[in-house]
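Taking it in order: structure first as structure tokens, then the write-up.
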Amino acid sequence: MDFKDIFKSVSQELAYTAVVYRDENDNTPQDARFTAYCASYAVCKKYGVDTKDFNFDKAAEVFAGMEPQEVKNELAYINKAVESITERMGKQLEAAQKAARNTEAR
């Protein structure tokens with residue numbers, strides 16, 4: 001697998017975990033896999049990973065028949081997953097940069 005595929009897969013699994021396990025009341029989105037897929041897309045976009053392979057044809061199915069508040073809740077799940085992943089990734093990237101600077105200083 002190339003970097004893009006690995007990043008996409010890992011971000012999608014992290015997003016799924018963030019979506020499914022984020023709420024102690026077991027409130028999960030209608031379609032957790034789709035929500036994680038959307039969050040993965042947003043994370044990839046944020047970090048400049050190619051997103052041309054993402055396909056959102058299923059979106060109409062997922063949102064069909066939902067009330068506006070339900071759609072808003074689904075979008076909130078996506079946003080929270082993106083925030084969770086980027087926060088953790090940011091901490092890891094910062095630690096890696098700090099370690100690299102310390103290595104260079106020696």
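Chains: A, B, ... in order of the structure tokens. Residues: from 1 per chain. Ligands: from 1, in order shown.
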Give the alpha helix (DSSP H) residues of region 30-84 of chain A, as assigned by DSSP on the backbone, as a short mmCIF file (atom, residue, chain, number, x, y, z; two decimals) with N, CA and C atoms, in the first residue's frame.
```cif
data_model
loop_
_atom_site.label_atom_id
_atom_site.label_comp_id
_atom_site.auth_asym_id
_atom_site.auth_seq_id
_atom_site.Cartn_x
_atom_site.Cartn_y
_atom_site.Cartn_z
N ALA A 32 -22.64 4.40 11.11
CA ALA A 32 -21.34 4.76 11.67
C ALA A 32 -20.21 4.62 10.65
N ARG A 33 -20.28 3.62 9.78
CA ARG A 33 -19.23 3.45 8.76
C ARG A 33 -19.21 4.63 7.80
N PHE A 34 -20.39 5.10 7.39
CA PHE A 34 -20.45 6.25 6.49
C PHE A 34 -19.95 7.51 7.19
N THR A 35 -20.32 7.67 8.45
CA THR A 35 -19.87 8.82 9.22
C THR A 35 -18.35 8.81 9.34
N ALA A 36 -17.78 7.65 9.60
CA ALA A 36 -16.32 7.51 9.69
C ALA A 36 -15.68 7.79 8.34
N TYR A 37 -16.30 7.36 7.28
CA TYR A 37 -15.80 7.60 5.92
C TYR A 37 -15.74 9.10 5.65
N CYS A 38 -16.80 9.81 6.02
CA CYS A 38 -16.84 11.27 5.84
C CYS A 38 -15.76 11.96 6.67
N ALA A 39 -15.59 11.50 7.90
CA ALA A 39 -14.57 12.08 8.77
C ALA A 39 -13.18 11.81 8.20
N SER A 40 -12.97 10.62 7.68
CA SER A 40 -11.69 10.28 7.07
C SER A 40 -11.40 11.21 5.89
N TYR A 41 -12.41 11.48 5.10
CA TYR A 41 -12.26 12.41 3.98
C TYR A 41 -11.79 13.78 4.49
N ALA A 42 -12.44 14.28 5.53
CA ALA A 42 -12.08 15.60 6.07
C ALA A 42 -10.66 15.62 6.61
N VAL A 43 -10.25 14.53 7.28
CA VAL A 43 -8.89 14.45 7.82
C VAL A 43 -7.88 14.41 6.67
N CYS A 44 -8.17 13.61 5.66
CA CYS A 44 -7.27 13.54 4.51
C CYS A 44 -7.14 14.91 3.85
N LYS A 45 -8.26 15.61 3.67
CA LYS A 45 -8.23 16.96 3.09
C LYS A 45 -7.36 17.89 3.94
N LYS A 46 -7.53 17.81 5.24
CA LYS A 46 -6.78 18.69 6.15
C LYS A 46 -5.28 18.47 6.02
N ALA A 59 -24.47 9.10 0.09
CA ALA A 59 -24.96 10.15 0.99
C ALA A 59 -26.47 10.33 0.92
N ALA A 60 -27.01 10.31 -0.28
CA ALA A 60 -28.46 10.48 -0.41
C ALA A 60 -29.21 9.39 0.34
N GLU A 61 -28.71 8.16 0.26
CA GLU A 61 -29.34 7.05 0.99
C GLU A 61 -29.27 7.26 2.49
N VAL A 62 -28.11 7.65 2.95
CA VAL A 62 -27.90 7.81 4.39
C VAL A 62 -28.80 8.89 4.97
N PHE A 63 -28.95 9.99 4.26
CA PHE A 63 -29.71 11.11 4.78
C PHE A 63 -31.20 11.07 4.38
N PRO A 68 -34.37 17.37 9.75
CA PRO A 68 -33.22 18.28 9.76
C PRO A 68 -32.34 18.13 11.01
N GLN A 69 -32.94 17.91 12.16
CA GLN A 69 -32.15 17.75 13.38
C GLN A 69 -31.31 16.48 13.34
N GLU A 70 -31.84 15.44 12.74
CA GLU A 70 -31.08 14.19 12.61
C GLU A 70 -29.88 14.38 11.69
N VAL A 71 -30.07 15.11 10.60
CA VAL A 71 -28.96 15.41 9.69
C VAL A 71 -27.91 16.23 10.43
N LYS A 72 -28.38 17.20 11.20
CA LYS A 72 -27.45 18.03 11.99
C LYS A 72 -26.66 17.17 12.97
N ASN A 73 -27.31 16.21 13.59
CA ASN A 73 -26.62 15.31 14.53
C ASN A 73 -25.57 14.47 13.81
N GLU A 74 -25.90 13.97 12.63
CA GLU A 74 -24.93 13.18 11.86
C GLU A 74 -23.70 14.02 11.53
N LEU A 75 -23.94 15.26 11.11
CA LEU A 75 -22.82 16.15 10.78
C LEU A 75 -22.00 16.48 12.03
N ALA A 76 -22.65 16.56 13.17
CA ALA A 76 -21.94 16.80 14.43
C ALA A 76 -21.05 15.61 14.77
N TYR A 77 -21.53 14.39 14.53
CA TYR A 77 -20.70 13.20 14.76
C TYR A 77 -19.44 13.25 13.89
N ILE A 78 -19.62 13.61 12.64
CA ILE A 78 -18.48 13.72 11.71
C ILE A 78 -17.49 14.74 12.24
N ASN A 79 -17.99 15.89 12.62
CA ASN A 79 -17.12 16.97 13.12
C ASN A 79 -16.37 16.55 14.38
N LYS A 80 -17.04 15.89 15.29
CA LYS A 80 -16.38 15.46 16.53
C LYS A 80 -15.29 14.42 16.24
N ALA A 81 -15.56 13.53 15.30
CA ALA A 81 -14.56 12.53 14.93
C ALA A 81 -13.33 13.20 14.32
N VAL A 82 -13.55 14.17 13.44
CA VAL A 82 -12.44 14.90 12.83
C VAL A 82 -11.63 15.63 13.89
N GLU A 83 -12.31 16.29 14.80
CA GLU A 83 -11.62 17.00 15.88
C GLU A 83 -10.79 16.04 16.73
N SER A 84 -11.35 14.91 17.08
CA SER A 84 -10.65 13.92 17.90
C SER A 84 -9.38 13.43 17.20
#
```
Shell around Ile85 (chain A) at 8 Å using only C-alpha atoms, local window under 5 positions removed, as a PyMOL selection string: chain A and resi 11+14-15+18+43
Tell me, in Å to one decimal, how far CA of Lys4 (chain A) is from CA of Thr51 (chain A). 8.7 Å
10 Å contact set for Asp53 (chain A), only C-alpha atoms, chain neighbours under 2 positions out, as number ranges by chain: A: 5, 8, 41, 50-51, 55-56
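A straight line drawn from CA of Gln12 (chain A) to CA of Lys91 (chain A) is 18.5 Å long.
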